[in-house]
Every structure is written in structure tokens, then in C-alpha cells.
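Enquirer: Below: one structure in C-alpha cells.
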Amino acid sequence: AQSVTQLGSHVSVSEGALVLLRCNYSSSVPPYLFWYVQYPNQGLQLLLKYTTGATLVKGINGFEAEFKKSETSFHLTKPSAHMSDAAEYFCAVSGYNAGGTSYGKLTFGQGTILTVHP
Amino acid sequence: KAGVTQTPRYLIKTRGQQVTLSCSPISGHRSVSWYQQTPGQGLQFLFEYFSETQRNKGNFPGRFSGRQFSNSRSEMNVSTLELGDSALYLCASSFTSGTYNEQFFGPGTRLTVL
């Protein structure tokens with residue numbers, strides 16, 4: 001089984017400050033990890049994903065995340081917050097069935113609401 | 001290219017009724033997954049369909065069912081609705097089934113059960 005823990009259900013930053021959203025995962029197989037963003041009354045939009053290769057992943061809107069296997073973490077960062085970044089962010093890990101075959105199942109963390117103050 | 005569309009966007013039902021939600025994937029995508037989003041339980045996987053076959057199923061009661069048509073459009077059905085079924089139901093499509101295929105999400109159907 002796989003699981004994701006997002007530390008902090010609410011994070012508040014000032015505009016221009018560093019954004020750091022924390023995500024830790026548990027997986028018995030090499031994980032594929034994702035960060036999604038959800039704006040009010042909308043679906044989820046993919047920010048970035050880690051599959052294999054480079055552990056520092058760059059995404060859209062200036063976000064990036066680093067896969068750290070030793071820490072089982074995949075934290076999301078952005079150097080300078082913008083008002084438009086205010087939204088809910090979800091970390092997710094891809095799923096495998098009991099036979100080890102991967103399917104289109106994402107296991108999500110509980111989400112982190114990011115508030116950006118002027 | 002049109003995104004994932006879900007109909008209806010909002011739905012109000014009463015306990016005991018049944019409901020059918022529809023999802024049209026991005027053109028060319030053959031995999032459709034469904035998720036339930038609630039404030040208490042967060043985002044939970046319901047099931048995935050690929051080429052009209054259910055590939056994987058989440059931990060939901062049998063009242064929740066789905067199907068996929070030959071054009072990849074998918075429907076999910078919830079029978080004998082309960083108050084706890086009130087949620088945002090999200091559909092996601094991807095080109096094929098697999099771990100790292102990006103899933104594109106629709107805007108969701110907001111179901112309210114009274």
C-alpha cells in the first residue's frame with residue numbers, strides 16, 4: 001500500500017516570500033510522485049511530476065520539487081510567492097495493484113491550503 | 001484541444017435516489033479514472049477504466065459503479081444515495097493506463113444529497 005502525508009493543512013506566506021509545502025510518502029516500490037493544484041470550484045491541475053532520473057523537478061508557474069529517497073520526501077517550493085498562487089495543493093503517489101502492475105490510481109495527501117498575504 | 005468535460009456540474013438528489021454522472025475524456029485518451037473529494041476524507045480513488053474494462057477499484061461499496069463506452073466516455077452510477085455521498089466527483093483522463101501517465105482532471109460534478 002502507498003500513502004502520502006502533507007505536513008500542515010494551512011500555510012500562510014507574504015507575497016514575495018518563499019513557499020514551502022511539505023510532502024512525505026510511503027511506498028514499498030519505487031514511487032512516482034505528483035503535485036497538483038486546485039483553485040476554488042475547479043478540478044486539479046498538474047504542477048509537476050517525478051518519475052525517474054533527475055531528482056529536482058521543475059514545474060509550471062515557477063514551482064519545483066526535490067525527490068529525496070532517504071527522507072521519503074517530495075517537498076514543493078517556489079522562491080517568491082504571488083497572490084495568484086493562493087489555492088489548495090495536493091501531493092500524490094501513483095498506485096500499484098497487488099501484483100505489482102501499475103494502474104491509473106493516484107493516492108493523495110490531505111491537501112495544503114496556501115494563503116498569500118499582500 | 002478540449003479538456004475533460006463532466007456533466008452535470010451540479011446535482012441535488014434526495015436519499016434513496018440514484019444518480020448517473022458523465023465524463024468525456026480528452027480526445028484520444030483511453031483511460032478514465034474517477035475520484036471522490038470530500039472535506040473529511042479528501043480525495044479518494046473510485047475506479048479506473050481502460051478500453052471499456054475496469055482496471056482497478058477503490059474501497060467503495062457496491063452502490064458505486066461505473067462503465068466506459070467504446071468512445072472512451074465514462075459514466076459512474078451511485079444507487080441508493082446516502083447523505084455521506086455528498087461530494088465533488090472528479091473524473092480524470094490519460095492517454096493510456098499506467099503509473100506515470102499524466103492524468104488530466106475535469107472540473108467535477110458537485111453532488112448534494114438531501
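Just so we're on the same page: first chain in the C-alpha cells is A, next is B, and so on; residues restart at 1 for each chain, and ligands are numbered from 1 in the order they show up.
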May I ask you to extract the residues of chain A within 12 Å of chain B, using only C-alpha atoms, and to give them as a ChimeraX atom specification?

Expert: /A:3-6,9,29-52,88-112

Enquirer: DSSP on the backbone, then: every residue of chain B marked strand (DSSP E), written as a compact mmCIF listing (two decimals) with C-alpha atoms, in the first residue's frame.

Expert:
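That gives us out10.txt:
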```
# COMPACT_ATOMS: atom_id res chain seq x y z
CA THR B 5 -15.78 17.60 -19.53
CA GLN B 6 -18.15 16.46 -16.84
CA THR B 7 -21.90 16.71 -16.78
CA TYR B 10 -24.17 20.44 -10.06
CA LEU B 11 -26.74 17.95 -8.90
CA ILE B 12 -29.14 17.78 -5.98
CA LYS B 13 -30.72 14.47 -5.04
CA VAL B 19 -27.60 9.26 -9.87
CA THR B 20 -25.52 8.95 -13.04
CA LEU B 21 -22.56 11.21 -13.73
CA SER B 22 -20.90 11.53 -17.10
CA CYS B 23 -17.32 12.17 -18.14
CA SER B 24 -15.96 12.84 -21.62
CA SER B 31 -8.12 5.77 -19.65
CA VAL B 32 -10.65 7.36 -17.32
CA SER B 33 -10.38 7.43 -13.53
CA TRP B 34 -12.93 8.63 -11.01
CA TYR B 35 -12.28 10.23 -7.62
CA GLN B 36 -14.48 11.38 -4.78
CA GLN B 37 -13.49 14.54 -2.91
CA THR B 38 -14.97 15.39 0.49
CA GLY B 42 -10.11 14.16 0.97
CA LEU B 43 -9.52 12.74 -2.49
CA GLN B 44 -10.24 9.04 -2.79
CA PHE B 45 -9.90 6.80 -5.82
CA LEU B 46 -13.11 5.16 -7.01
CA PHE B 47 -12.14 3.21 -10.14
CA GLU B 48 -10.30 3.32 -13.43
CA TYR B 49 -11.46 2.20 -16.84
CA PHE B 50 -9.29 1.49 -19.83
CA THR B 53 -12.54 -2.60 -18.85
CA GLN B 54 -12.33 -1.77 -15.18
CA ARG B 55 -8.63 -1.94 -14.34
CA ASN B 56 -8.68 -1.03 -10.68
CA LYS B 57 -11.23 -0.29 -7.99
CA PHE B 64 -20.79 2.84 -6.68
CA SER B 65 -20.38 1.50 -10.18
CA GLY B 66 -19.11 2.68 -13.50
CA ARG B 67 -18.67 1.83 -17.11
CA GLN B 68 -16.83 3.00 -20.17
CA SER B 74 -17.41 7.06 -18.97
CA GLU B 75 -20.29 7.12 -16.57
CA MET B 76 -20.46 6.43 -12.89
CA ASN B 77 -23.60 5.50 -11.05
CA VAL B 78 -24.43 5.71 -7.39
CA ALA B 87 -19.11 15.24 -2.57
CA LEU B 88 -17.28 16.59 -5.56
CA TYR B 89 -16.80 13.78 -8.06
CA LEU B 90 -13.78 14.26 -10.28
CA CYS B 91 -13.02 12.46 -13.48
CA ALA B 92 -9.52 12.28 -14.94
CA SER B 93 -8.36 11.04 -18.29
CA SER B 94 -4.97 9.93 -19.57
CA PHE B 104 -5.97 15.48 -16.73
CA PHE B 105 -8.84 16.36 -14.45
CA THR B 109 -19.68 17.29 -10.54
CA ARG B 110 -20.86 18.66 -7.21
CA LEU B 111 -23.42 16.20 -5.80
CA THR B 112 -25.56 17.22 -2.86
CA VAL B 113 -27.73 14.58 -1.19
```

Enquirer: Glu64 of chain A: which residues within 9 Å, counting only C-alpha atoms, same-chain residues fewer than 5 positions away excluded, as a PDB file with N, CA and C atoms, in the first residue's frame?

Expert:
```pdb
ATOM      1  N   LEU A  47       1.066  20.292 -11.463  1.00  0.00           N
ATOM      2  CA  LEU A  47       2.167  21.250 -11.377  1.00  0.00           C
ATOM      3  C   LEU A  47       3.469  20.624 -11.848  1.00  0.00           C
ATOM      4  N   LEU A  48       3.743  19.417 -11.367  1.00  0.00           N
ATOM      5  CA  LEU A  48       4.971  18.732 -11.743  1.00  0.00           C
ATOM      6  C   LEU A  48       4.874  17.261 -11.336  1.00  0.00           C
ATOM      7  N   LEU A  56      15.553  16.699  -8.940  1.00  0.00           N
ATOM      8  CA  LEU A  56      14.987  18.046  -8.837  1.00  0.00           C
ATOM      9  C   LEU A  56      14.107  18.262 -10.052  1.00  0.00           C
ATOM     10  N   VAL A  57      12.835  18.461  -9.798  1.00  0.00           N
ATOM     11  CA  VAL A  57      11.862  18.552 -10.880  1.00  0.00           C
ATOM     12  C   VAL A  57      11.308  19.970 -10.942  1.00  0.00           C
ATOM     13  N   LYS A  58      11.302  20.524 -12.111  1.00  0.00           N
ATOM     14  CA  LYS A  58      10.738  21.867 -12.303  1.00  0.00           C
ATOM     15  C   LYS A  58       9.366  21.740 -12.938  1.00  0.00           C
ATOM     16  N   GLY A  59       8.445  22.575 -12.462  1.00  0.00           N
ATOM     17  CA  GLY A  59       7.091  22.525 -12.977  1.00  0.00           C
ATOM     18  C   GLY A  59       6.633  23.860 -13.522  1.00  0.00           C
ATOM     19  N   HIS A  75       9.057  17.612  -1.247  1.00  0.00           N
ATOM     20  CA  HIS A  75       8.560  18.944  -0.878  1.00  0.00           C
ATOM     21  C   HIS A  75       8.478  19.873  -2.079  1.00  0.00           C
ATOM     22  N   LEU A  76       7.458  20.708  -2.082  1.00  0.00           N
ATOM     23  CA  LEU A  76       7.218  21.665  -3.172  1.00  0.00           C
ATOM     24  C   LEU A  76       7.695  23.041  -2.740  1.00  0.00           C
ATOM     25  N   THR A  77       8.423  23.723  -3.606  1.00  0.00           N
ATOM     26  CA  THR A  77       8.904  25.060  -3.277  1.00  0.00           C
ATOM     27  C   THR A  77       8.689  26.017  -4.432  1.00  0.00           C
ATOM     28  N   LYS A  78       8.648  27.294  -4.061  1.00  0.00           N
ATOM     29  CA  LYS A  78       8.637  28.379  -5.038  1.00  0.00           C
ATOM     30  C   LYS A  78       9.364  29.547  -4.389  1.00  0.00           C
TER      31      LYS A  78
END
```

Enquirer: Tell me which protein, DNA and RNA residues are within 8 Å of Leu7 of chain A, counting only C-alpha atoms, leaving out same-chain ones fewer than 6 positions away, and put them as a list in words.

Expert: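 Those residues are Leu21, Arg22, Cys23, Asn24 and Thr112 of chain A.
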
Enquirer: Keeping all heavy atoms, export the residues of the selection given above as a PDB file, in the first residue's frame.

Expert:
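This is the output file selection.pdb:
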```pdb
ATOM      1  N   LEU A  21       5.897  23.700   0.751  1.00  0.00           N
ATOM      2  CA  LEU A  21       4.813  22.794   1.117  1.00  0.00           C
ATOM      3  C   LEU A  21       5.418  21.398   1.245  1.00  0.00           C
ATOM      4  O   LEU A  21       6.051  20.922   0.323  1.00  0.00           O
ATOM      5  CB  LEU A  21       3.705  22.823   0.058  1.00  0.00           C
ATOM      6  CG  LEU A  21       3.108  24.198  -0.252  1.00  0.00           C
ATOM      7  CD1 LEU A  21       1.983  24.062  -1.274  1.00  0.00           C
ATOM      8  CD2 LEU A  21       2.625  24.895   0.994  1.00  0.00           C
ATOM      9  N   ARG A  22       5.155  20.770   2.385  1.00  0.00           N
ATOM     10  CA  ARG A  22       5.840  19.523   2.705  1.00  0.00           C
ATOM     11  C   ARG A  22       5.011  18.297   2.369  1.00  0.00           C
ATOM     12  O   ARG A  22       3.795  18.269   2.602  1.00  0.00           O
ATOM     13  CB  ARG A  22       6.215  19.493   4.181  1.00  0.00           C
ATOM     14  CG  ARG A  22       7.140  20.623   4.593  1.00  0.00           C
ATOM     15  CD  ARG A  22       7.445  20.579   6.077  1.00  0.00           C
ATOM     16  NE  ARG A  22       8.211  21.754   6.499  1.00  0.00           N
ATOM     17  CZ  ARG A  22       9.531  21.823   6.455  1.00  0.00           C
ATOM     18  NH1 ARG A  22      10.242  20.781   6.040  1.00  0.00           N
ATOM     19  NH2 ARG A  22      10.153  22.925   6.846  1.00  0.00           N
ATOM     20  N   CYS A  23       5.701  17.279   1.841  1.00  0.00           N
ATOM     21  CA  CYS A  23       5.050  16.030   1.470  1.00  0.00           C
ATOM     22  C   CYS A  23       5.991  14.875   1.773  1.00  0.00           C
ATOM     23  O   CYS A  23       7.151  14.882   1.337  1.00  0.00           O
ATOM     24  CB  CYS A  23       4.692  16.033  -0.011  1.00  0.00           C
ATOM     25  SG  CYS A  23       4.113  14.438  -0.655  1.00  0.00           S
ATOM     26  N   ASN A  24       5.500  13.907   2.523  1.00  0.00           N
ATOM     27  CA  ASN A  24       6.228  12.665   2.751  1.00  0.00           C
ATOM     28  C   ASN A  24       5.382  11.505   2.260  1.00  0.00           C
ATOM     29  O   ASN A  24       4.163  11.520   2.376  1.00  0.00           O
ATOM     30  CB  ASN A  24       6.558  12.495   4.232  1.00  0.00           C
ATOM     31  CG  ASN A  24       7.648  13.440   4.686  1.00  0.00           C
ATOM     32  OD1 ASN A  24       7.368  14.565   5.103  1.00  0.00           O
ATOM     33  ND2 ASN A  24       8.889  13.010   4.565  1.00  0.00           N
ATOM     34  N   THR A 112      -2.944  20.933   1.233  1.00  0.00           N
ATOM     35  CA  THR A 112      -2.464  22.100   1.977  1.00  0.00           C
ATOM     36  C   THR A 112      -3.025  23.357   1.325  1.00  0.00           C
ATOM     37  O   THR A 112      -2.823  23.553   0.114  1.00  0.00           O
ATOM     38  CB  THR A 112      -0.928  22.187   1.989  1.00  0.00           C
ATOM     39  OG1 THR A 112      -0.384  21.046   2.651  1.00  0.00           O
ATOM     40  CG2 THR A 112      -0.463  23.462   2.712  1.00  0.00           C
TER      41      THR A 112
END
```
